[in-house]
Amino acid sequence: MAPREKTKAGKADNRERLIVGLSGASGVAYGIRLLEACRDLGVESHLVMTKPAEMTIGYETALKPKQVAAKADFAYAIGDIAAPIASGSFKTKGMVIAPCSVRSMSEIATGVTTSLLTRAADVMLKERRPLILMVRETPLHLGHLRSMVALAEMGAILLPPVPAFYAAPKTLADLVDQMVGRALDLLGHEWPNVRRWGEDLAKGRRKGQEAT
Ligand SMILES: Cc1cc2nc3c(=O)[nH]c(=O)nc-3n(C[C@H](O)[C@H](O)[C@H](O)COP(=O)(O)O)c2cc1C
């Protein structure tokens with residue numbers, strides 16, 4: 001897919017930059033919604049998606065990969081290893097891979113990266129920036145779990161998209177928003193679509209914590 005550049009990828013307006021990666025696991029809706037959340041929050045999004053992610057977009061949504069790319073401020077081809085996000089000198093706040101396949105996760109865990117997605121993730125680790133991996137697979141074998149441990153030891157945050165039923169989701173969109181909001185929490189962003197225990201959810205409130 002051709003990179004979509006509205007403006008030069010410079011920091012003209014001082015907005016925070018977030019790299020959004022989509023790989024070929026089930027749940028591309030998480031990454032798509034994250035791009036929309038970036039728009040809501042005024043965060044500059046830099047998108048890279050794998051070919052299997054593009055296939056999964058076709059299987060799981062009514063969108064075309066180009067329409068997903070159009071939701072990002074900047075979108076890069078998976079093979080564009082010279083893209084700004086391939087370098088640690090290009091400043092970003094962090095990266096979320098949503099969803100993250102076991103294949104991409106395993107590649108990041110080894111440091112032997114073969115695409116812009118995994119290279120950008122490797123850059124996050126080496127620069128000690130937040131790398132949030134929404135790894136989606138089940139069940140998990142020991143090799144998967146060992147890769148997760150290695151990644152946690154390297155500083156990555158493993159955030160499997162596991163629904164929070166206490167948040168009382170009524171629709172799939174509620175469920176997706178809750179997970180996306182929790183990823184944004186980890187980056188210090190308050191996205192209003194998260195339903196918080198002890199705040200929005202009456203059951204979690206104690207005396208003196210009534211909703212305002
Ligand atoms: C519809 C569909 C759903 C898939 N779901 C998953 C999944 O949930 N987790 C996973 O690790 N791989 C899943 N795969 C397999 C990956 O797409 C495959 O391993 C691919 O090589 C991943 O490459 P990537 O990491 O470069 O995107 C799925 C494939 C398809 C077509």
# chains A, B, ... in the order shown; residues from 1 in each chain; ligands from 1

$ closest_atom_pairs --of "chain A" --to "ligand 1" --cutoff "7 Å" --atoms "only C-alpha atoms and all ligand atoms" --output "Markdown table"
| residue | atom | partner | partner_atom_place_in_ligand_line | distance |
| --- | --- | --- | --- | --- |
| A:Ser23 | CA | ligand 1 | 27 (O) | 3.7 |
| A:Gly24 | CA | ligand 1 | 27 (O) | 3.5 |
| A:Ala25 | CA | ligand 1 | 6 (C) | 3.5 |
| A:Ser26 | CA | ligand 1 | 8 (O) | 4.0 |
| A:Thr50 | CA | ligand 1 | 27 (O) | 4.9 |
| A:Lys51 | CA | ligand 1 | 27 (O) | 6.3 |
| A:Pro52 | CA | ligand 1 | 27 (O) | 4.6 |
| A:Ala53 | CA | ligand 1 | 27 (O) | 5.3 |
| A:Met55 | CA | ligand 1 | 31 (C) | 6.3 |
| A:Thr56 | CA | ligand 1 | 1 (C) | 4.9 |
| A:Tyr59 | CA | ligand 1 | 1 (C) | 5.9 |
| A:Cys100 | CA | ligand 1 | 25 (O) | 6.9 |
| A:Ser101 | CA | ligand 1 | 11 (O) | 3.5 |
| A:Val102 | CA | ligand 1 | 11 (O) | 3.7 |
| A:Arg103 | CA | ligand 1 | 25 (O) | 4.5 |
| A:Ser104 | CA | ligand 1 | 25 (O) | 3.8 |
| A:Arg136 | CA | ligand 1 | 8 (O) | 4.8 |
| A:Glu137 | CA | ligand 1 | 9 (N) | 4.3 |

$ select_by_dssp --residues "segment 62-107 of chain A" --states "strand (DSSP E)" --output "list in words"
Phe74, Ala75, Tyr76, Gly94, Met95, Val96, Ile97, Ala98, Pro99 and Cys100 of chain A

$ closest_atom_pairs --of "segment 31-109 of chain A" --to "segment 166-179 of chain A" --cutoff "10 Å" --atoms "only C-alpha atoms" --output "CSV"
residue,atom,partner,partner_atom,distance
A:Gly31,CA,A:Val176,CA,9.5
A:Ile32,CA,A:Val176,CA,9.9
A:Arg33,CA,A:Asp177,CA,7.3
A:Leu34,CA,A:Asp177,CA,8.5
A:Ala37,CA,A:Asp177,CA,9.0
A:Ala98,CA,A:Met179,CA,9.9

$ residues_around --residues "Asp80 of chain A" --least-positions-apart "3" --cutoff "8 Å" --atoms "only C-alpha atoms" --output "list of chain:residue names"
A:Tyr76, A:Ala77, A:Ala83, A:Ser115, A:Leu116

$ closest_residue --among "A:Ala164, A:Pro130, A:Glu153, A:Leu18" --to "Arg195 of chain A" --atoms "only C-alpha atoms"
A:Ala164

$ closest_residue --among "A:Gly188, A:Gly204, A:Val112, A:Tyr30" --to "Leu159 of chain A" --atoms "only C-alpha atoms"
A:Tyr30

$ atom_distance --atom1 "atom CA of Pro84 of chain A" --atom2 "atom CA of Pro161 of chain A"
28.1 Å

$ atom_distance --atom1 "atom CA of Ile97 of chain A" --atom2 "atom CA of Ala121 of chain A"
8.4 Å

$ residues_around --residues "Ala86 of chain A" --least-positions-apart "5" --cutoff "8 Å" --atoms "only C-alpha atoms" --output "list in words"
Ile81, Leu116, Arg119, Ala120 and Val123 of chain A

$ write_last_selection --atoms "N, CA and C atoms" --output "tab-separated table (two decimals), in the first residue's frame"
chain	number	residue	atom	x	y	z
A	81	ILE	N	11.22	-0.08	4.88
A	81	ILE	CA	12.11	-0.14	6.04
A	81	ILE	C	12.87	1.17	6.24
A	116	LEU	N	8.61	-3.59	8.48
A	116	LEU	CA	8.55	-2.29	9.15
A	116	LEU	C	7.80	-2.40	10.48
A	119	ARG	N	10.24	-4.04	12.97
A	119	ARG	CA	11.37	-3.13	13.17
A	119	ARG	C	10.95	-1.95	14.07
A	120	ALA	N	9.77	-1.37	13.79
A	120	ALA	CA	9.30	-0.24	14.60
A	120	ALA	C	9.11	-0.68	16.05
A	123	VAL	N	12.42	-0.89	17.69
A	123	VAL	CA	12.90	0.47	18.01
A	123	VAL	C	12.31	0.92	19.35
